[in-house]
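Chemist: So that you have it, the file is run-v4.txt, and it contains compact mmCIF, C-alpha atoms and all ligand atoms:
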# COMPACT_ATOMS: atom_id res chain seq x y z
CA MET E 28 70.45 126.02 76.82
CA SER E 29 67.95 123.88 78.73
CA TYR E 30 65.47 125.12 81.32
CA TRP E 31 67.67 123.90 84.18
CA GLN E 32 70.78 125.49 82.72
CA GLU E 33 68.99 128.84 82.37
CA LEU E 34 67.89 128.64 85.99
CA GLU E 35 71.44 127.84 87.02
CA HIS E 36 72.69 131.01 85.33
CA LYS E 37 70.06 132.98 87.20
CA TYR E 38 70.51 131.53 90.69
CA TYR E 39 73.91 129.86 91.04
CA MET E 40 77.29 131.50 91.58
CA SER E 41 79.46 131.09 88.56
CA THR E 42 82.58 129.40 89.95
CA VAL E 43 83.14 126.76 87.28
CA GLU E 44 82.89 126.65 83.50
CA ARG E 45 80.23 124.00 83.13
CA VAL E 46 79.97 121.43 80.39
CA PRO E 47 76.50 121.97 78.83
CA VAL E 48 74.93 118.79 80.18
CA THR E 49 72.48 118.36 83.08
CA LEU E 50 73.00 114.95 84.66
CA VAL E 51 70.00 113.37 86.33
CA ARG E 52 70.89 109.71 86.92
CA GLY E 53 73.89 107.42 87.24
CA GLN E 54 74.55 103.69 87.42
CA GLY E 55 77.97 102.07 87.43
CA ALA E 56 80.20 103.89 84.96
CA ARG E 57 77.23 105.43 83.11
CA VAL E 58 75.23 108.62 83.59
CA TRP E 59 72.15 109.98 81.83
CA ASP E 60 71.19 113.56 81.06
CA GLU E 61 67.80 115.27 81.28
CA TYR E 62 66.93 114.09 77.74
CA GLY E 63 67.75 110.47 78.54
CA ARG E 64 71.08 110.51 76.67
CA GLU E 65 73.61 108.05 78.02
CA TYR E 66 77.30 108.84 78.66
CA LEU E 67 80.26 106.72 79.68
CA ASP E 68 81.68 108.60 82.66
CA PHE E 69 85.48 108.95 82.63
CA VAL E 70 85.35 111.98 84.95
CA GLY E 71 83.87 110.04 87.85
CA GLY E 72 82.80 113.05 89.86
CA TRP E 73 86.44 114.28 89.75
CA ALA E 74 87.88 110.97 90.96
CA VAL E 75 85.18 110.49 93.56
CA ASN E 76 82.86 107.73 92.30
CA SER E 77 85.35 104.99 93.13
CA LEU E 78 82.69 102.27 92.93
CA GLY E 79 80.80 104.03 90.16
CA HIS E 80 77.40 105.63 90.49
CA CYS E 81 74.92 104.27 93.02
CA HIS E 82 76.82 101.04 93.69
CA PRO E 83 74.47 98.60 95.49
CA VAL E 84 76.73 98.21 98.56
CA VAL E 85 76.88 101.99 99.02
CA VAL E 86 73.16 102.46 98.37
CA GLU E 87 72.31 99.70 100.85
CA ALA E 88 74.61 101.12 103.51
CA VAL E 89 73.29 104.67 103.05
CA VAL E 90 69.63 103.66 103.01
CA GLY E 91 70.10 101.44 106.06
CA GLN E 92 71.91 104.20 107.94
CA VAL E 93 69.42 106.91 106.92
CA ARG E 94 66.68 104.84 108.51
CA THR E 95 68.74 104.31 111.67
CA LEU E 96 70.81 107.38 112.63
CA ILE E 97 72.00 110.19 110.36
CA GLN E 98 73.77 112.69 112.59
CA THR E 99 74.77 113.08 116.21
CA SER E 100 77.06 115.54 117.89
CA ASN E 101 80.63 114.32 118.10
CA GLN E 102 80.28 114.44 121.88
CA PHE E 103 78.83 110.96 121.54
CA TYR E 104 80.40 107.73 120.35
CA THR E 105 78.91 106.34 117.14
CA VAL E 106 79.46 102.89 115.67
CA PRO E 107 80.00 103.65 111.92
CA GLN E 108 82.70 106.22 112.78
CA VAL E 109 84.66 103.74 114.87
CA ARG E 110 84.25 100.92 112.34
CA LEU E 111 85.56 103.07 109.46
CA ALA E 112 88.46 104.40 111.55
CA GLU E 113 89.40 100.82 112.52
CA LEU E 114 89.28 99.64 108.89
CA LEU E 115 91.48 102.53 107.75
CA VAL E 116 94.05 101.90 110.47
CA GLN E 117 94.09 98.14 109.86
CA ASN E 118 94.81 98.74 106.18
CA SER E 119 97.33 101.58 106.33
CA CYS E 120 100.53 102.48 108.17
CA LEU E 121 98.74 105.13 110.26
CA ASP E 122 97.39 104.76 113.79
CA LYS E 123 94.72 107.40 114.40
CA VAL E 124 91.94 108.94 112.32
CA PHE E 125 89.86 112.13 112.33
CA PHE E 126 86.93 112.56 109.94
CA CYS E 127 85.75 115.78 108.30
CA ASN E 128 83.74 116.66 105.20
CA SER E 129 86.06 117.42 102.29
CA GLY E 130 89.60 117.31 101.02
CA ALA E 131 90.34 120.95 101.79
CA GLU E 132 89.11 120.49 105.33
CA ALA E 133 91.25 117.35 105.75
CA ASN E 134 94.37 119.19 104.56
CA GLU E 135 93.58 122.23 106.69
CA GLY E 136 93.28 119.92 109.70
CA ALA E 137 96.51 118.14 108.77
CA VAL E 138 98.34 121.47 108.72
CA LYS E 139 96.83 122.39 112.09
CA LEU E 140 98.04 119.04 113.41
CA ALA E 141 101.54 119.69 112.06
CA ARG E 142 101.55 123.19 113.60
CA ARG E 143 100.46 121.70 116.91
CA TYR E 144 103.30 119.19 116.61
CA GLY E 145 105.66 122.07 115.86
CA LYS E 146 104.53 123.94 118.95
CA LEU E 147 104.96 120.92 121.18
CA ASN E 148 108.12 119.38 119.69
CA LEU E 149 109.92 121.82 117.40
CA GLY E 150 110.16 125.04 119.36
CA GLY E 151 107.09 126.59 117.74
CA ALA E 152 107.98 125.77 114.12
CA PHE E 153 104.90 126.38 111.96
CA GLU E 154 105.91 126.60 108.30
CA VAL E 155 104.81 123.95 105.83
CA ILE E 156 106.71 123.38 102.60
CA THR E 157 104.47 122.53 99.64
CA THR E 158 105.16 122.37 95.92
CA MET E 159 104.44 124.32 92.75
CA GLY E 160 101.72 122.73 90.67
CA SER E 161 100.13 121.15 93.71
CA PHE E 162 96.46 121.31 94.60
CA HIS E 163 95.35 121.08 98.21
CA GLY E 164 91.91 122.71 98.24
CA ARG E 165 90.01 125.98 98.26
CA THR E 166 90.06 127.30 101.82
CA LEU E 167 92.28 130.37 102.20
CA ALA E 168 95.05 128.42 103.90
CA MET E 169 94.88 125.62 101.33
CA VAL E 170 95.01 128.18 98.53
CA ALA E 171 98.24 129.39 100.14
CA ALA E 172 99.43 125.77 100.26
CA THR E 173 98.44 125.18 96.64
CA GLY E 174 101.44 126.22 94.55
CA GLN E 175 99.52 127.61 91.58
CA SER E 176 99.25 131.37 91.15
CA LYS E 177 95.92 131.19 89.29
CA PHE E 178 94.29 130.00 92.52
CA GLN E 179 96.27 132.39 94.72
CA GLN E 180 96.23 135.72 92.87
CA PRO E 181 92.51 136.55 93.31
CA TYR E 182 92.89 136.30 97.10
CA VAL E 183 96.21 137.84 98.08
CA PRO E 184 97.18 138.54 100.80
CA LEU E 185 97.08 134.89 101.81
CA PRO E 186 97.65 133.32 105.24
CA ASN E 187 101.36 132.94 105.90
CA GLY E 188 103.28 129.83 106.85
CA PHE E 189 103.42 128.13 103.43
CA ILE E 190 106.51 127.94 101.24
CA ASN E 191 105.84 126.74 97.66
CA VAL E 192 108.90 125.12 96.08
CA GLU E 193 109.63 123.27 92.85
CA TYR E 194 108.05 119.77 92.67
CA ASN E 195 110.32 116.77 92.17
CA SER E 196 113.32 118.63 93.59
CA ILE E 197 114.70 117.43 96.90
CA GLY E 198 117.21 120.29 96.67
CA ALA E 199 114.37 122.84 96.69
CA ILE E 200 112.89 121.28 99.84
CA LYS E 201 116.27 121.25 101.54
CA ALA E 202 116.89 124.89 100.63
CA ALA E 203 113.49 125.96 101.97
CA THR E 204 113.81 124.12 105.30
CA THR E 205 114.54 126.35 108.30
CA ASN E 206 114.10 126.05 112.04
CA GLN E 207 110.54 127.35 111.44
CA THR E 208 109.61 124.31 109.30
CA CYS E 209 107.25 121.81 110.90
CA ALA E 210 106.26 119.74 107.83
CA VAL E 211 106.48 119.02 104.12
CA MET E 212 103.13 118.40 102.40
CA LEU E 213 103.04 116.64 99.02
CA GLU E 214 100.84 114.73 96.60
CA PRO E 215 102.54 111.44 95.59
CA VAL E 216 101.32 112.26 92.07
CA GLN E 217 100.09 115.79 91.40
CA GLY E 218 96.55 115.25 90.17
CA GLU E 219 94.88 118.54 89.36
CA GLY E 220 98.26 120.11 88.56
CA GLY E 221 98.71 117.83 85.56
CA VAL E 222 99.04 114.17 86.65
CA ASN E 223 102.70 114.95 87.32
CA ILE E 224 104.66 111.88 88.38
CA PRO E 225 107.89 112.57 90.27
CA ASP E 226 111.12 110.60 89.91
CA ASP E 227 111.10 107.19 91.61
CA ASP E 228 113.48 108.31 94.37
CA TYR E 229 111.93 111.72 95.13
CA LEU E 230 109.52 110.74 97.89
CA ALA E 231 112.12 108.48 99.53
CA ALA E 232 114.59 111.38 99.55
CA VAL E 233 111.93 113.69 101.07
CA ARG E 234 111.17 111.06 103.72
CA GLN E 235 114.87 110.81 104.58
CA TRP E 236 115.20 114.59 104.80
CA CYS E 237 112.14 114.90 107.06
CA ASP E 238 113.60 112.22 109.36
CA LEU E 239 116.95 113.98 109.45
CA LYS E 240 115.32 117.29 110.37
CA GLY E 241 112.71 115.79 112.69
CA ILE E 242 109.88 117.35 110.68
CA LEU E 243 106.66 115.70 109.53
CA LEU E 244 105.81 114.35 106.08
CA ILE E 245 102.18 114.91 105.15
CA LEU E 246 100.97 113.02 102.08
CA ASP E 247 97.86 114.42 100.43
CA GLU E 248 96.32 111.21 99.04
CA ILE E 249 92.96 112.82 98.42
CA GLN E 250 93.18 112.05 94.72
CA THR E 251 95.74 109.21 94.69
CA GLY E 252 94.33 107.19 97.59
CA LEU E 253 91.67 104.49 97.89
CA GLY E 254 92.98 102.44 94.98
CA ARG E 255 93.05 105.16 92.33
CA THR E 256 96.75 104.71 91.47
CA GLY E 257 96.76 100.90 91.61
CA THR E 258 97.47 100.29 95.30
CA LEU E 259 95.19 101.16 98.21
CA PHE E 260 97.45 104.17 98.91
CA ALA E 261 100.09 105.56 96.57
CA TYR E 262 102.75 105.61 99.30
CA GLN E 263 102.73 101.80 99.19
CA GLN E 264 104.42 101.97 95.78
CA LEU E 265 107.16 104.25 97.08
CA GLY E 266 108.64 102.24 99.93
CA ILE E 267 107.96 105.04 102.43
CA GLU E 268 105.40 105.88 105.08
CA PRO E 269 103.95 109.33 105.79
CA ASP E 270 103.51 110.73 109.31
CA ILE E 271 100.16 112.21 108.31
CA MET E 272 97.95 111.32 105.35
CA THR E 273 94.77 112.97 104.10
CA LEU E 274 91.91 111.31 102.24
CA ALA E 275 88.56 112.44 100.83
CA LYS E 276 87.15 112.06 97.28
CA GLY E 277 86.72 108.29 96.74
CA LEU E 278 86.45 107.31 100.41
CA ALA E 279 82.64 107.12 100.48
CA SER E 280 82.06 106.78 96.72
CA GLY E 281 80.27 110.15 96.52
CA ILE E 282 78.95 110.88 100.01
CA PRO E 283 80.98 113.87 101.30
CA ILE E 284 83.77 112.84 103.69
CA GLY E 285 87.38 113.69 104.43
CA ALA E 286 89.91 112.08 106.75
CA ILE E 287 93.17 112.91 108.48
CA LEU E 288 95.25 109.88 109.43
CA ALA E 289 98.33 110.15 111.60
CA LYS E 290 101.03 108.06 113.19
CA GLU E 291 100.69 107.80 116.95
CA ARG E 292 103.57 110.22 117.60
CA ALA E 293 102.06 112.86 115.28
CA SER E 294 98.56 112.47 116.65
CA VAL E 295 98.87 115.37 119.09
CA PHE E 296 95.41 116.96 119.16
CA THR E 297 93.82 117.07 122.59
CA PRO E 298 90.09 117.59 123.29
CA GLY E 299 88.90 120.98 122.08
CA GLU E 300 91.81 121.63 119.71
CA HIS E 301 90.03 120.52 116.55
CA GLY E 302 86.51 119.54 115.57
CA SER E 303 83.70 119.39 113.05
CA THR E 304 79.91 119.34 113.41
CA PHE E 305 79.22 116.95 110.54
CA GLY E 306 82.65 115.32 110.37
CA GLY E 307 82.47 111.55 110.76
CA ASN E 308 78.72 111.43 111.07
CA PRO E 309 77.04 108.01 110.92
CA LEU E 310 75.74 108.49 107.38
CA ALA E 311 79.05 109.42 105.75
CA CYS E 312 80.95 106.79 107.73
CA ALA E 313 78.50 104.02 106.84
CA ALA E 314 79.01 104.91 103.16
CA GLY E 315 82.77 105.06 103.73
CA TYR E 316 82.84 101.68 105.47
CA ALA E 317 80.83 100.02 102.70
CA THR E 318 83.08 101.58 100.04
CA LEU E 319 86.38 100.73 101.70
CA ARG E 320 85.27 97.20 102.61
CA PHE E 321 84.32 96.59 98.96
CA ILE E 322 87.58 98.13 97.69
CA ILE E 323 89.64 95.87 99.95
CA ASP E 324 87.62 92.65 99.61
CA ASN E 325 87.47 92.84 95.80
CA ASP E 326 91.03 94.03 95.11
CA ILE E 327 89.75 97.16 93.41
CA PRO E 328 93.28 98.68 93.48
CA GLY E 329 94.48 95.65 91.47
CA ASN E 330 91.69 96.26 88.97
CA ALA E 331 92.63 99.95 88.72
CA ASN E 332 96.21 98.90 88.08
CA SER E 333 95.48 96.41 85.29
CA VAL E 334 92.65 98.37 83.62
CA GLY E 335 94.75 101.54 83.94
CA GLN E 336 97.63 99.81 82.15
CA TYR E 337 95.20 98.66 79.44
CA LEU E 338 94.00 102.27 79.06
CA ILE E 339 97.55 103.57 78.79
CA ASN E 340 98.39 100.90 76.16
CA GLY E 341 95.31 101.94 74.18
CA LEU E 342 96.27 105.61 74.41
CA GLU E 343 99.78 104.71 73.19
CA GLY E 344 98.07 103.26 70.11
CA LEU E 345 96.26 106.56 69.56
CA LYS E 346 99.54 108.44 70.05
CA ARG E 347 101.03 106.48 67.16
CA LYS E 348 98.07 107.50 65.02
CA PHE E 349 97.75 111.16 66.02
CA GLN E 350 100.99 113.11 65.86
CA PHE E 351 99.60 115.92 68.02
CA ILE E 352 99.46 113.65 71.09
CA THR E 353 102.69 114.49 72.87
CA ASP E 354 102.49 112.66 76.19
CA ILE E 355 100.60 109.97 78.11
CA ARG E 356 101.22 109.62 81.80
CA GLY E 357 99.46 108.10 84.75
CA ARG E 358 99.25 105.59 87.54
CA GLY E 359 96.33 103.18 87.75
CA LEU E 360 93.17 104.97 86.67
CA LEU E 361 94.55 108.49 86.98
CA VAL E 362 95.76 109.20 83.48
CA ALA E 363 96.56 112.32 81.44
CA LEU E 364 96.75 112.74 77.68
CA GLU E 365 98.68 115.79 76.49
CA PHE E 366 98.58 117.54 73.11
CA SER E 367 100.95 119.80 71.23
CA SER E 368 98.37 122.63 71.20
CA ASP E 369 95.35 123.89 73.13
CA ILE E 370 92.74 121.49 71.73
CA ALA E 371 91.54 119.89 74.98
CA GLU E 372 88.26 121.81 75.05
CA SER E 373 87.39 120.76 71.48
CA ILE E 374 88.22 117.14 72.28
CA VAL E 375 86.06 117.20 75.41
CA MET E 376 83.13 118.52 73.37
CA ALA E 377 83.71 116.02 70.55
CA CYS E 378 83.76 113.20 73.14
CA LEU E 379 80.60 114.56 74.72
CA ASP E 380 78.80 114.51 71.36
CA ARG E 381 79.72 110.85 71.07
CA GLY E 382 78.74 109.85 74.62
CA LEU E 383 81.96 110.05 76.64
CA LEU E 384 82.62 112.37 79.58
CA ALA E 385 86.28 113.44 79.83
CA ASN E 386 87.97 116.12 81.92
CA ARG E 387 89.84 119.10 80.46
CA LEU E 388 92.88 119.10 82.73
CA LYS E 389 94.68 121.98 81.03
CA PRO E 390 94.12 123.81 77.74
CA ASN E 391 96.34 121.16 76.14
CA ALA E 392 95.56 118.07 78.24
CA LEU E 393 92.76 115.70 79.22
CA ARG E 394 92.50 113.69 82.41
CA PHE E 395 90.75 110.34 82.81
CA MET E 396 89.63 109.25 86.29
CA PRO E 397 86.80 106.77 85.73
CA PRO E 398 85.23 104.61 88.44
CA LEU E 399 87.72 101.99 89.63
CA ILE E 400 85.29 99.16 88.90
CA ILE E 401 85.41 99.52 85.11
CA GLY E 402 86.78 96.74 82.91
CA ASN E 403 88.62 96.62 79.59
CA ASP E 404 85.31 96.73 77.70
CA GLU E 405 84.56 100.23 78.97
CA VAL E 406 88.12 101.27 78.12
CA ASP E 407 87.68 99.93 74.57
CA GLU E 408 84.47 101.91 74.25
CA ALA E 409 86.12 105.09 75.55
CA LEU E 410 89.13 104.62 73.25
CA SER E 411 86.89 104.15 70.24
CA ILE E 412 85.00 107.38 71.01
CA LEU E 413 88.25 109.20 71.69
CA ASP E 414 89.66 107.99 68.39
CA LYS E 415 86.68 109.49 66.56
CA ALA E 416 86.89 112.72 68.60
CA LEU E 417 90.61 113.06 67.85
CA SER E 418 89.89 112.48 64.14
CA THR E 419 87.75 115.63 64.13
CA ILE E 420 90.88 117.65 64.85
CA ILE E 421 92.80 116.68 61.73
CA SER E 422 89.82 116.55 59.37
C1 LIG X 1 95.11 116.31 95.92
C2 LIG X 1 93.90 117.08 96.33
N1 LIG X 1 93.86 117.64 97.54
C3 LIG X 1 92.78 118.33 97.97
C4 LIG X 1 91.69 118.53 97.16
C5 LIG X 1 90.52 119.31 97.65
O1 LIG X 1 89.45 118.46 97.91
P1 LIG X 1 87.98 119.06 98.09
O2 LIG X 1 87.56 119.61 96.77
O3 LIG X 1 87.16 117.88 98.54
O4 LIG X 1 88.06 120.11 99.13
C6 LIG X 1 91.70 117.96 95.87
C7 LIG X 1 90.55 118.18 94.95
O5 LIG X 1 90.65 118.06 93.76
C8 LIG X 1 92.82 117.24 95.44
O6 LIG X 1 92.88 116.67 94.22
What do you get writing this file as structure tokens?

Modeler:
Amino acid sequence: MSYWQELEHKYYMSTVERVPVTLVRGQGARVWDEYGREYLDFVGGWAVNSLGHCHPVVVEAVVGQVRTLIQTSNQFYTVPQVRLAELLVQNSCLDKVFFCNSGAEANEGAVKLARRYGKLNLGGAFEVITTMGSFHGRTLAMVAATGQSKFQQPYVPLPNGFINVEYNSIGAIKAATTNQTCAVMLEPVQGEGGVNIPDDDYLAAVRQWCDLKGILLILDEIQTGLGRTGTLFAYQQLGIEPDIMTLAKGLASGIPIGAILAKERASVFTPGEHGSTFGGNPLACAAGYATLRFIIDNDIPGNANSVGQYLINGLEGLKRKFQFITDIRGRGLLVALEFSSDIAESIVMACLDRGLLANRLKPNALRFMPPLIIGNDEVDEALSILDKALSTIIS
């Protein structure tokens, strides 16, 4: 264990099982550890480094903004906040934006917005239907929204008002809907829960049901948004529009930011009903604007789509070679590789030894969420390392 890792054990709360590497520098899709060892990064800060590490447009925007204005109170208008909000609205189906600092905070705010809508329009309805296997964040309310008992059990009793139902089942949503329901909140693809892709008609059926009942559809695009799944937002592949959408992760390519977007009719907050000290500050919004502008102007979603397909094709090749690969699934550059047994940890370590960072999604699955700017060359390199790492399992 290195000096820094020993200090971490002494001073830092142990909330995550760390991979034994201390990263000190990043550029593009590469990172370097404290000994100068280079790694190809297919974790991407947990689907955050959309433009890779320290992309020049982000660095330039951040440095320029740091020298100009970092933070003001939200009582004042600021230019980067308005510019980013305008760009998001111009490129989505939503009309209004609120910025915060993380995904959990965006979802928490989205649920508050839906409850407010319920109070004003649905006779005080406040319940939100979410799904098993989802992941919506770590605040207490978002743990209640997250339909995974491993996140919930340590903290029961949880805030009420969340009904977790089976994913990919319109019947389950219908059965859970009552006159207390104000919204359904879903990930278009469940990311953390396993890169679970629902049937093609699921989201359209949920949209129809929400319309019929007059309740809101909240899409959590924190992981799927900003080009990750091959279009700027995943809903664009589904032929539907959400009433509320949340973003975070890749929006500012690594500078902390979250966003709630809403249709005009669902945008019911009035002054004083919601807020955030740091949310939408000039620094984060300048990074967000630079990131989003680059994503749009350079068709980064298109790149994620084609490179993602190339990655999946390559993984299919490995599946033919290694019988213990049981499934490959993904959209764009959000891809999972599943095994017949719990070997993910060993594969992650074998990849690490060979210079590739991969994420252990589940005991028997890996997840790849590299920067969206990678090309087929990086995929070839990752596949070659993965091939060697997988070979260690049978030898
Ligand atoms: C779909 C989804 N929603 C919400 C979150 C929570 O985001 P944050 O960790 O920024 O609070 C995550 C994080 O992984 C996520 O994948």

Chemist: Check the smallest atom-to-atom distance from each of E:Thr353, E:Asn187, E:Asn195, E:Asn148 to Ile224 of chain E using only C-alpha atoms, then report the winner.

Modeler: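 Distance minimum relative to Ile224 of chain E lands on E:Asn195.
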
Chemist: Which one of E:Val170, E:Ala416, E:Ile355, E:Val216 sits closest to Ala385 of chain E if you count only C-alpha atoms?

Modeler: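 Smallest separation from Ala385 of chain E among the options: E:Ala416.
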
Chemist: Given a cut-off of 7 Å, what residues near ligand LIG 1 (chain X) show up using all atoms listed in the file, put as a compact mmCIF listing (two decimals) with C-alpha atoms, in the coordinates of the input?

Modeler:
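Now in pocket.txt:
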# COMPACT_ATOMS: atom_id res chain seq x y z
CA TRP E 73 86.44 114.28 89.75
CA SER E 129 86.06 117.42 102.29
CA GLY E 130 89.60 117.31 101.02
CA ALA E 131 90.34 120.95 101.79
CA GLU E 132 89.11 120.49 105.33
CA ASN E 134 94.37 119.19 104.56
CA PHE E 162 96.46 121.31 94.60
CA HIS E 163 95.35 121.08 98.21
CA GLY E 164 91.91 122.71 98.24
CA ARG E 165 90.01 125.98 98.26
CA GLU E 214 100.84 114.73 96.60
CA GLN E 217 100.09 115.79 91.40
CA GLY E 218 96.55 115.25 90.17
CA GLU E 219 94.88 118.54 89.36
CA ASP E 247 97.86 114.42 100.43
CA GLU E 248 96.32 111.21 99.04
CA ILE E 249 92.96 112.82 98.42
CA GLN E 250 93.18 112.05 94.72
CA ALA E 275 88.56 112.44 100.83
CA LYS E 276 87.15 112.06 97.28

Chemist: With the cut-off set at 9 Å and counting only C-alpha atoms, tabulate each residue of segment 287-406 of chain E with an atom at most that distance from an atom of segment 84-97 of chain E, showing the nearest atom pair and its distance in Å to one decimal, ordered by chain and increasing number, as a tab-separated table.

Modeler:
residue	atom	partner	partner_atom	distance
E:Asn308	CA	E:Ile97	CA	6.9
E:Pro309	CA	E:Ile97	CA	5.5
E:Leu310	CA	E:Ile97	CA	5.1
E:Ala311	CA	E:Val89	CA	7.9
E:Ala313	CA	E:Ala88	CA	5.9
E:Ala314	CA	E:Val85	CA	5.5
E:Gly315	CA	E:Val85	CA	8.1
E:Tyr316	CA	E:Ala88	CA	8.5
E:Ala317	CA	E:Val85	CA	5.7
E:Thr318	CA	E:Val85	CA	6.3
E:Phe321	CA	E:Val84	CA	7.8

Chemist: Between atom CA of Ser303 of chain E and atom CA of Gln98 of chain E, what is the distance in Å, rounded to a tenth?

Modeler: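 That distance, rounded to one decimal, is 12.0 Å.
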
Chemist: Measuring atom to atom with all atoms listed in the file, identify which of E:Trp236, E:Gly307, E:Thr273, E:Gln175 is nearest to Tyr104 of chain E.

Modeler: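 Distance minimum relative to Tyr104 of chain E lands on E:Gly307.
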
Chemist: Within 7 Å of segment 256-258 of chain E, counting only C-alpha atoms, which residues qualify if same-chain residues fewer than 3 places away don't, as a list in words?

Modeler: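 Skipping anything fewer than 3 positions along the chain leaves Thr251, Ala261, Gln263, Pro328, Gly329, Ala331, Asn332, Arg358, Gly359, Leu360 and Leu361 of chain E.
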